[in-house]
>>> print(open('input.txt').read())   # compact mmCIF, C-alpha atoms
# COMPACT_ATOMS: atom_id res chain seq x y z
CA MET P 10 -14.72 53.56 11.86
CA LEU P 11 -11.00 53.13 12.39
CA HIS P 12 -11.19 49.92 10.40
CA SER P 13 -12.89 51.71 7.50
CA LEU P 14 -10.25 54.40 7.56
CA LEU P 15 -7.31 51.99 7.68
CA SER P 16 -8.82 49.80 4.98
CA LYS P 17 -8.30 52.63 2.53
CA PHE P 18 -4.55 52.15 2.86
CA ASP P 19 -2.64 49.51 0.97
CA LEU P 20 -1.60 47.48 3.99
CA PRO P 21 0.59 44.36 3.77
CA THR P 22 -1.31 41.12 4.24
CA ALA P 23 -0.68 38.23 6.60
CA ASP P 24 -2.10 34.89 5.52
CA ALA P 25 -4.24 33.00 7.96
CA HIS P 26 -3.73 29.89 5.90
CA CYS P 27 -6.27 27.30 5.15
CA ASP P 28 -5.36 24.18 3.26
CA ILE P 29 -4.49 25.15 -0.26
CA PRO P 30 -6.61 24.94 -2.34
CA CYS P 31 -9.02 25.70 0.46
CA GLY P 32 -11.90 23.30 0.87
CA ILE P 33 -11.00 21.11 -2.07
CA TYR P 34 -11.00 17.48 -1.00
CA ASP P 35 -11.37 14.59 -3.40
CA ALA P 36 -11.12 10.92 -2.50
CA ARG P 37 -10.11 9.98 -6.03
CA ILE P 38 -6.56 10.83 -5.10
CA VAL P 39 -6.62 8.13 -2.42
CA THR P 40 -7.71 5.40 -4.81
CA TYR P 41 -5.32 6.74 -7.45
CA TYR P 42 -2.35 6.13 -5.19
CA ALA P 43 -3.68 2.77 -4.00
CA VAL P 44 -4.03 1.58 -7.60
CA SER P 45 -0.57 2.95 -8.41
CA ALA P 46 0.92 0.99 -5.52
CA LEU P 47 -0.81 -2.17 -6.74
CA ARG P 48 0.54 -1.54 -10.23
CA GLN P 49 4.06 -1.31 -8.86
CA MET P 50 3.54 -4.62 -7.07
CA ASP P 51 2.46 -6.25 -10.33
CA ILE P 52 5.52 -4.92 -12.12
CA LEU P 53 7.77 -6.23 -9.37
CA LEU P 54 6.07 -9.63 -9.39
CA SER P 55 6.60 -9.95 -13.14
CA LEU P 56 10.26 -8.97 -13.13
CA GLU P 57 11.59 -12.50 -12.76
CA ASP P 58 9.97 -13.54 -16.03
CA LYS P 59 11.71 -10.87 -18.03
CA GLY P 60 15.08 -12.55 -18.32
CA LEU P 61 16.94 -9.49 -17.12
CA SER P 62 20.61 -9.51 -16.20
CA HIS P 63 21.36 -9.39 -12.47
CA THR P 64 22.26 -5.74 -12.73
CA ALA P 65 19.20 -4.80 -14.76
CA PHE P 66 16.99 -6.81 -12.40
CA ALA P 67 18.46 -5.11 -9.34
CA MET P 68 18.05 -1.65 -10.85
CA GLN P 69 14.51 -2.29 -11.97
CA ALA P 70 13.54 -3.86 -8.65
CA ALA P 71 15.04 -0.96 -6.73
CA ARG P 72 13.20 1.61 -8.82
CA ASN P 73 9.83 -0.10 -8.61
CA THR P 74 10.21 -0.87 -4.94
CA ALA P 75 10.94 2.77 -4.20
CA LYS P 76 7.94 3.80 -6.28
CA LYS P 77 5.71 1.19 -4.62
CA GLU P 78 6.57 2.57 -1.21
CA GLU P 79 6.13 6.15 -2.37
CA MET P 80 2.69 5.42 -3.80
CA ALA P 81 1.59 3.58 -0.65
CA GLU P 82 2.85 6.43 1.52
CA ASN P 83 1.06 8.97 -0.66
CA CYS P 84 -2.11 6.94 -0.27
CA LYS P 85 -1.74 7.01 3.51
CA HIS P 86 -0.93 10.73 3.50
CA GLN P 87 -3.93 11.70 1.39
CA THR P 88 -6.19 9.53 3.51
CA ARG P 89 -4.95 11.27 6.64
CA ILE P 90 -5.67 14.68 5.13
CA ILE P 91 -9.24 13.80 4.16
CA TRP P 92 -9.87 11.97 7.40
CA GLY P 93 -8.24 14.58 9.62
CA ASP P 94 -9.25 17.79 7.89
CA PHE P 95 -12.50 17.03 6.11
CA MET P 96 -14.28 14.34 8.08
CA LYS P 97 -15.70 15.92 11.20
CA GLY P 98 -18.90 16.66 13.09
CA ASP P 99 -22.01 15.43 11.34
CA HIS P 100 -19.94 13.47 8.81
CA LEU P 101 -18.73 11.21 11.57
CA LYS P 102 -22.15 10.90 13.15
CA LYS P 103 -23.37 9.47 9.87
CA HIS P 104 -20.28 7.32 9.35
CA PRO P 105 -18.85 6.47 12.76
CA GLY P 106 -16.74 3.72 11.16
CA ALA P 107 -14.60 6.28 9.33
CA HIS P 108 -11.96 6.32 12.07
CA GLU P 109 -11.50 2.57 12.01
CA LEU P 110 -11.48 2.54 8.22
CA ALA P 111 -8.78 5.22 8.06
CA HIS P 112 -6.73 3.20 10.53
CA LYS P 113 -7.13 0.08 8.40
CA ILE P 114 -5.85 2.02 5.40
CA MET P 115 -2.80 3.05 7.43
CA LEU P 116 -2.08 -0.60 8.24
CA ALA P 117 -2.77 -1.86 4.72
CA GLY P 118 -0.60 0.89 3.25
CA SER P 119 2.23 -0.10 5.54
CA ALA P 120 1.84 -3.74 4.55
CA VAL P 121 2.15 -2.74 0.89
CA LYS P 122 5.30 -0.82 1.69
CA GLN P 123 6.86 -3.61 3.72
CA ASP P 124 6.38 -6.63 1.50
CA LEU P 125 5.26 -7.91 -1.86
CA HIS P 126 2.02 -9.78 -1.37
CA ARG P 127 -0.44 -8.80 -4.07
CA GLU P 128 -3.37 -9.43 -1.74
CA ASP P 129 -2.10 -6.57 0.43
CA GLY P 130 -2.34 -4.24 -2.56
CA GLU P 131 -5.80 -5.53 -3.42
CA LYS P 132 -6.86 -4.99 0.16
CA LEU P 133 -5.55 -1.41 0.08
CA VAL P 134 -7.55 -0.67 -3.06
CA ALA P 135 -10.68 -2.23 -1.55
CA LEU P 136 -10.34 -0.20 1.64
CA CYS P 137 -9.74 2.99 -0.31
CA ASN P 138 -12.83 2.28 -2.37
CA GLU P 139 -14.80 1.94 0.84
CA PHE P 140 -13.25 5.18 2.07
CA ALA P 141 -14.17 6.92 -1.17
CA GLU P 142 -17.78 5.75 -0.90
CA ILE P 143 -18.02 7.17 2.60
CA PHE P 144 -16.33 10.39 1.54
CA TRP P 145 -18.68 11.02 -1.38
CA ASP P 146 -21.69 10.13 0.72
CA MET P 147 -20.57 12.76 3.24
CA LYS P 148 -20.55 15.24 0.37
CA GLY P 149 -23.97 14.06 -0.82
CA VAL P 150 -22.59 12.75 -4.11
CA LYS P 151 -23.57 9.37 -5.54
CA THR P 152 -20.85 7.00 -6.61
CA LYS P 153 -20.29 4.36 -9.23
CA ARG P 154 -17.74 1.61 -9.65
CA VAL P 155 -15.68 1.60 -12.80
CA THR P 156 -12.75 -0.48 -13.98
CA THR P 157 -9.57 1.45 -14.61
CA PRO P 158 -8.83 1.58 -18.35
CA TYR P 159 -5.19 0.82 -17.57
CA ALA P 160 -3.34 -1.88 -15.70
CA PRO P 161 -4.00 -3.24 -13.16
CA ASN P 162 -7.59 -2.85 -14.47
CA VAL P 163 -9.19 -2.93 -11.07
CA GLU P 164 -12.49 -1.57 -9.91
CA VAL P 165 -12.44 1.88 -8.34
CA VAL P 166 -15.08 4.11 -6.82
CA GLU P 167 -15.74 7.32 -8.72
CA PRO P 168 -18.20 10.12 -8.03
CA ASP P 169 -21.19 9.89 -10.34
CA LEU P 170 -21.06 13.55 -11.40
CA MET L 6 8.12 49.21 16.53
CA PHE L 7 4.49 49.02 15.38
CA SER L 8 3.01 47.89 12.08
CA LEU L 9 -0.36 47.10 10.58
CA TYR L 10 -1.29 43.97 8.63
CA LYS L 11 -4.51 42.96 6.96
CA VAL L 12 -5.74 39.41 7.59
CA ARG L 13 -6.23 37.18 4.56
CA GLY L 14 -7.78 33.73 4.94
CA GLU L 15 -10.10 32.12 7.41
CA SER L 16 -7.95 29.96 9.63
CA MET L 17 -8.01 32.40 12.54
CA LYS L 18 -11.79 32.44 12.78
CA PRO L 19 -13.52 33.22 15.07
CA THR L 20 -10.77 35.39 16.56
CA LEU L 21 -10.02 37.19 13.31
CA GLN L 22 -11.99 37.39 10.11
CA PRO L 23 -10.63 38.00 6.62
CA GLY L 24 -10.19 41.73 6.15
CA ASP L 25 -9.59 42.45 9.82
CA ILE L 26 -6.52 44.52 10.58
CA VAL L 27 -4.02 43.68 13.30
CA LEU L 28 -1.67 46.07 15.01
CA LEU L 29 1.67 44.38 15.56
CA ARG L 30 4.26 45.27 18.10
CA LYS L 31 7.86 44.18 17.70
CA ARG L 32 8.41 42.45 21.02
CA PRO L 33 9.18 38.86 22.06
CA ALA L 34 6.14 36.63 21.82
CA TYR L 35 4.46 34.76 24.65
CA ILE L 36 2.62 31.46 24.66
CA GLY L 37 -0.89 32.18 23.44
CA ASP L 38 0.06 35.21 21.40
CA VAL L 39 -1.17 35.74 17.87
CA VAL L 40 1.91 36.44 15.79
CA VAL L 41 2.87 37.32 12.25
CA VAL L 42 5.91 35.36 11.13
CA ASP L 43 7.88 34.99 7.93
CA HIS L 44 7.43 31.25 7.48
CA VAL L 45 9.99 29.46 5.36
CA ARG L 46 7.30 27.55 3.46
CA PHE L 47 4.11 29.59 3.74
CA GLY L 48 5.46 33.16 3.67
CA ILE L 49 3.95 35.88 5.83
CA ILE L 50 1.42 34.11 7.99
CA LEU L 51 -0.70 34.90 10.99
CA LYS L 52 -1.01 32.18 13.63
CA ARG L 53 -1.24 31.57 17.34
CA ILE L 54 1.55 30.02 19.42
CA ASP L 55 0.09 27.15 21.41
CA ALA L 56 1.28 25.68 24.70
CA ASN L 57 3.68 23.39 22.84
CA ARG L 58 5.15 26.36 20.94
CA GLN L 59 3.51 25.12 17.75
CA LEU L 60 1.96 27.53 15.28
CA ILE L 61 -1.74 26.85 15.01
CA GLY L 62 -4.85 28.42 13.57
CA ASP L 63 -7.86 29.10 15.73
CA GLY L 64 -10.25 27.75 13.10
CA PRO L 65 -10.84 24.17 11.97
CA ALA L 66 -9.78 24.94 8.41
CA SER L 67 -6.24 25.86 9.40
CA THR L 68 -3.24 24.18 7.87
CA PRO L 69 -2.32 21.36 10.27
CA SER L 70 0.23 22.49 12.83
CA ASP L 71 2.54 19.62 11.95
CA GLU L 72 2.97 21.27 8.55
CA LEU L 73 3.50 24.71 10.06
CA GLY L 74 6.03 23.43 12.54
CA PRO L 75 7.20 25.04 15.77
CA TYR L 76 7.40 28.77 16.33
CA LYS L 77 10.86 30.16 15.62
CA PRO L 78 11.57 33.54 17.25
CA SER L 79 13.92 34.46 14.41
CA THR L 80 10.94 34.50 12.01
CA LEU L 81 8.85 36.89 14.10
CA ILE L 82 7.64 40.02 12.35
CA GLY L 83 5.48 41.13 15.22
CA THR L 84 3.06 40.17 17.94
CA ALA L 85 -0.57 41.10 17.36
CA ILE L 86 -1.70 43.29 20.22
CA LEU L 87 -4.84 44.80 18.76
CA ALA L 88 -7.53 43.61 16.36
CA ILE L 89 -9.11 46.43 14.41
CA THR L 90 -12.28 45.08 12.88
CA PRO L 91 -15.59 46.38 11.48
CA ARG L 92 -17.07 45.00 14.69
CA GLY L 93 -14.85 47.07 16.92
CA ILE L 94 -11.36 47.08 18.41
CA ARG L 95 -10.12 44.32 20.71
CA ARG L 96 -6.92 43.59 22.55
CA LEU L 97 -5.16 40.39 21.51
CA SER L 98 -2.01 40.22 23.57
CA ALA L 99 -1.46 37.09 25.65
CA ARG L 100 1.48 38.60 27.49
CA ARG L 101 -0.15 37.85 30.80
CA SER L 102 0.49 34.14 30.20
CA GLY L 103 3.99 35.12 31.32
CA ILE L 104 5.70 32.33 29.38
CA ARG L 105 8.02 33.40 26.61
CA ALA L 106 7.59 31.44 23.39
>>> encode(input="input.txt", output="structure tokens")
Amino acid sequence: MLHSLLSKFDLPTADAHCDIPCGIYDARIVTYYAVSALRQMDILLSLEDKGLSHTAFAMQAARNTAKKEEMAENCKHQTRIIWGDFMKGDHLKKHPGAHELAHKIMLAGSAVKQDLHREDGEKLVALCNEFAEIFWDMKGVKTKRVTTPYAPNVEVVEPDL
Amino acid sequence: MFSLYKVRGESMKPTLQPGDIVLLRKRPAYIGDVVVVDHVRFGIILKRIDANRQLIGDGPASTPSDELGPYKPSTLIGTAILAITPRGIRRLSARRSGIRA
């Protein structure tokens, strides 16, 4: 009764925040960042063939290295959000390997940040694809594998909507 | 000294539901208290202070506490002492924990 009465007044609100936007999780962002990191690796690996001056080489390498690390870190961050906030309860009963997979992505992402071995980037993409398949299965959505229509033209897992 | 706020969002479930009203008292908060703070990033938010003085939600959908950060007394708007809900009125104060946040 008191609640009904008070509700008639224009009271200030206090947000009991959920993640914003609430309940929206999408594994495509994980593969997006993994592919972006791989792309940065490819650019870095091709720099020597471009005949750049020392200064131009250094600047280009610095920029792409920073971007490579940013993309790999974003990949790790987004994985942690989906793994930590979305995957729980029955999801994990169905996919008990999700914990180990998320951990592997953390390690692979770090490897991409630390060095410049293309196979590390490929491994990150492959693990993220696996993660995406599990994620969409948890949501009851079928998946398909498509090749990105842009470099590095790798296969990624997409929801078959 | 006292103020009323309406709850928006679901992160304090099951303690508080969206639309519930909390009566705040302007007094220092204790560990375990539900507080309304003026958060630098999230604005006016309603959270609980846990044993590590972190702001947390009671529900699983809450923003992770590492994003909310630690409770800062300077941001305190008030401590929730009463929940006024369609289901009745309940006390919320955790003052008996005896540990200032």
>>> interface_residues(input="input.txt", of="chain L", to="chain P", cutoff="6 Å", atoms="all atoms listed in the file", output="JSON, numbers by chain")
{"L": [10, 11, 12, 13, 14, 15, 16, 17, 49, 50, 51, 66, 67, 68, 89, 90, 91]}
>>> atom_distance(input="input.txt", atom1="CA of Phe7 in chain L", atom2="CA of Leu29 in chain L")
5.4 Å
>>> residues_around(input="input.txt", residues="Ala117 in chain P", least_positions_apart="2", cutoff="10 Å", atoms="only C-alpha atoms", output="PyMOL selection string")
chain P and resi 43+81+85+111-115+119-123+128-134+136-137
>>> residues_around(input="input.txt", residues="Leu73 in chain L", least_positions_apart="5", cutoff="9 Å", atoms="only C-alpha atoms", output="mmCIF file with C-alpha atoms, keeping the file's coordinate frame")
data_model
loop_
_atom_site.group_PDB
_atom_site.id
_atom_site.type_symbol
_atom_site.label_atom_id
_atom_site.label_comp_id
_atom_site.auth_asym_id
_atom_site.auth_seq_id
_atom_site.Cartn_x
_atom_site.Cartn_y
_atom_site.Cartn_z
ATOM 1 C CA HIS L 44 7.430 31.250 7.480
ATOM 2 C CA ARG L 46 7.300 27.550 3.460
ATOM 3 C CA PHE L 47 4.110 29.590 3.740
ATOM 4 C CA GLN L 59 3.510 25.120 17.750
ATOM 5 C CA LEU L 60 1.960 27.530 15.280
ATOM 6 C CA ILE L 61 -1.740 26.850 15.010
ATOM 7 C CA THR L 68 -3.240 24.180 7.870
#
>>> residues_around(input="input.txt", residues="Thr152 in chain P", least_positions_apart="2", cutoff="9 Å", atoms="only C-alpha atoms", output="list of chain:residue names")
P:Ala141, P:Glu142, P:Trp145, P:Asp146, P:Val150, P:Arg154, P:Val166, P:Glu167, P:Pro168, P:Asp169, P:Leu170
>>> atom_distance(input="input.txt", atom1="CA of Ala75 in chain P", atom2="CA of Ala107 in chain P")
29.1 Å
>>> residues_near_point(input="input.txt", point="(-9.9, 31.8, 16.2)", cutoff="9 Å", atoms="all atoms listed in the file", output="list in words")
Glu15, Ser16, Met17, Lys18, Pro19, Thr20, Leu21, Gln22, Arg53, Gly62, Asp63, Gly64 and Pro65 of chain L
>>> decode(input="input.txt", residues="range 110-145 of chain P", atoms="N, CA and C atoms", output="short mmCIF file (atom, residue, chain, number, x, y, z; two decimals), in the first residue's frame")
data_model
loop_
_atom_site.label_atom_id
_atom_site.label_comp_id
_atom_site.auth_asym_id
_atom_site.auth_seq_id
_atom_site.Cartn_x
_atom_site.Cartn_y
_atom_site.Cartn_z
N LEU P 110 38.81 -24.10 -22.55
CA LEU P 110 38.89 -23.40 -23.83
C LEU P 110 39.13 -21.90 -23.63
N ALA P 111 38.40 -21.31 -22.69
CA ALA P 111 38.59 -19.88 -22.40
C ALA P 111 40.03 -19.63 -21.95
N HIS P 112 40.55 -20.54 -21.15
CA HIS P 112 41.94 -20.39 -20.69
C HIS P 112 42.91 -20.49 -21.85
N LYS P 113 42.64 -21.39 -22.76
CA LYS P 113 43.51 -21.52 -23.95
C LYS P 113 43.50 -20.24 -24.78
N ILE P 114 42.33 -19.62 -24.86
CA ILE P 114 42.25 -18.36 -25.61
C ILE P 114 43.07 -17.28 -24.92
N MET P 115 43.05 -17.28 -23.59
CA MET P 115 43.88 -16.31 -22.86
C MET P 115 45.36 -16.50 -23.22
N LEU P 116 45.80 -17.74 -23.23
CA LEU P 116 47.21 -18.03 -23.52
C LEU P 116 47.55 -17.71 -24.97
N ALA P 117 46.66 -18.10 -25.88
CA ALA P 117 46.92 -17.85 -27.30
C ALA P 117 46.92 -16.34 -27.58
N GLY P 118 46.01 -15.63 -26.93
CA GLY P 118 45.96 -14.18 -27.10
C GLY P 118 47.24 -13.53 -26.61
N SER P 119 47.74 -14.02 -25.51
CA SER P 119 49.00 -13.48 -24.99
C SER P 119 50.16 -13.78 -25.93
N ALA P 120 50.15 -14.97 -26.51
CA ALA P 120 51.22 -15.33 -27.45
C ALA P 120 51.20 -14.40 -28.66
N VAL P 121 50.00 -14.06 -29.13
CA VAL P 121 49.88 -13.14 -30.26
C VAL P 121 50.41 -11.76 -29.88
N LYS P 122 50.16 -11.36 -28.65
CA LYS P 122 50.65 -10.06 -28.20
C LYS P 122 52.18 -10.05 -28.11
N GLN P 123 52.72 -11.16 -27.61
CA GLN P 123 54.14 -11.17 -27.28
C GLN P 123 55.06 -11.25 -28.49
N ASP P 124 54.63 -11.97 -29.53
CA ASP P 124 55.58 -12.27 -30.60
C ASP P 124 54.91 -12.14 -31.95
N LEU P 125 55.60 -12.64 -32.97
CA LEU P 125 55.07 -12.49 -34.32
C LEU P 125 55.16 -13.80 -35.10
N HIS P 126 54.57 -14.83 -34.52
CA HIS P 126 54.49 -16.11 -35.21
C HIS P 126 53.06 -16.26 -35.73
N ARG P 127 52.95 -16.34 -37.07
CA ARG P 127 51.60 -16.38 -37.64
C ARG P 127 50.78 -17.55 -37.10
N GLU P 128 51.45 -18.66 -36.81
CA GLU P 128 50.70 -19.82 -36.32
C GLU P 128 50.00 -19.52 -34.98
N ASP P 129 50.56 -18.58 -34.22
CA ASP P 129 49.88 -18.19 -32.98
C ASP P 129 48.55 -17.49 -33.29
N GLY P 130 48.59 -16.64 -34.31
CA GLY P 130 47.36 -15.96 -34.72
C GLY P 130 46.34 -16.93 -35.27
N GLU P 131 46.81 -17.89 -36.06
CA GLU P 131 45.90 -18.90 -36.61
C GLU P 131 45.28 -19.73 -35.49
N LYS P 132 46.12 -20.03 -34.51
CA LYS P 132 45.62 -20.81 -33.37
C LYS P 132 44.55 -20.02 -32.60
N LEU P 133 44.78 -18.72 -32.44
CA LEU P 133 43.80 -17.88 -31.74
C LEU P 133 42.47 -17.88 -32.48
N VAL P 134 42.52 -17.75 -33.78
CA VAL P 134 41.28 -17.76 -34.58
C VAL P 134 40.58 -19.12 -34.43
N ALA P 135 41.36 -20.19 -34.50
CA ALA P 135 40.76 -21.53 -34.41
C ALA P 135 40.09 -21.74 -33.05
N LEU P 136 40.76 -21.30 -32.00
CA LEU P 136 40.19 -21.45 -30.66
C LEU P 136 38.93 -20.60 -30.50
N CYS P 137 38.97 -19.40 -31.06
CA CYS P 137 37.80 -18.53 -30.98
C CYS P 137 36.63 -19.09 -31.78
N ASN P 138 36.94 -19.74 -32.88
CA ASN P 138 35.88 -20.42 -33.64
C ASN P 138 35.24 -21.52 -32.80
N GLU P 139 36.08 -22.26 -32.11
CA GLU P 139 35.58 -23.33 -31.24
C GLU P 139 34.71 -22.72 -30.13
N PHE P 140 35.19 -21.63 -29.60
CA PHE P 140 34.46 -20.92 -28.54
C PHE P 140 33.10 -20.44 -29.06
N ALA P 141 33.11 -19.91 -30.27
CA ALA P 141 31.87 -19.41 -30.88
C ALA P 141 30.87 -20.55 -31.10
N GLU P 142 31.38 -21.70 -31.52
CA GLU P 142 30.48 -22.85 -31.73
C GLU P 142 29.81 -23.27 -30.42
N ILE P 143 30.61 -23.29 -29.37
CA ILE P 143 30.06 -23.64 -28.06
C ILE P 143 29.04 -22.60 -27.61
N PHE P 144 29.42 -21.33 -27.79
CA PHE P 144 28.53 -20.24 -27.38
C PHE P 144 27.17 -20.33 -28.06
N TRP P 145 27.19 -20.49 -29.39
CA TRP P 145 25.92 -20.52 -30.13
C TRP P 145 25.13 -21.78 -29.80
#
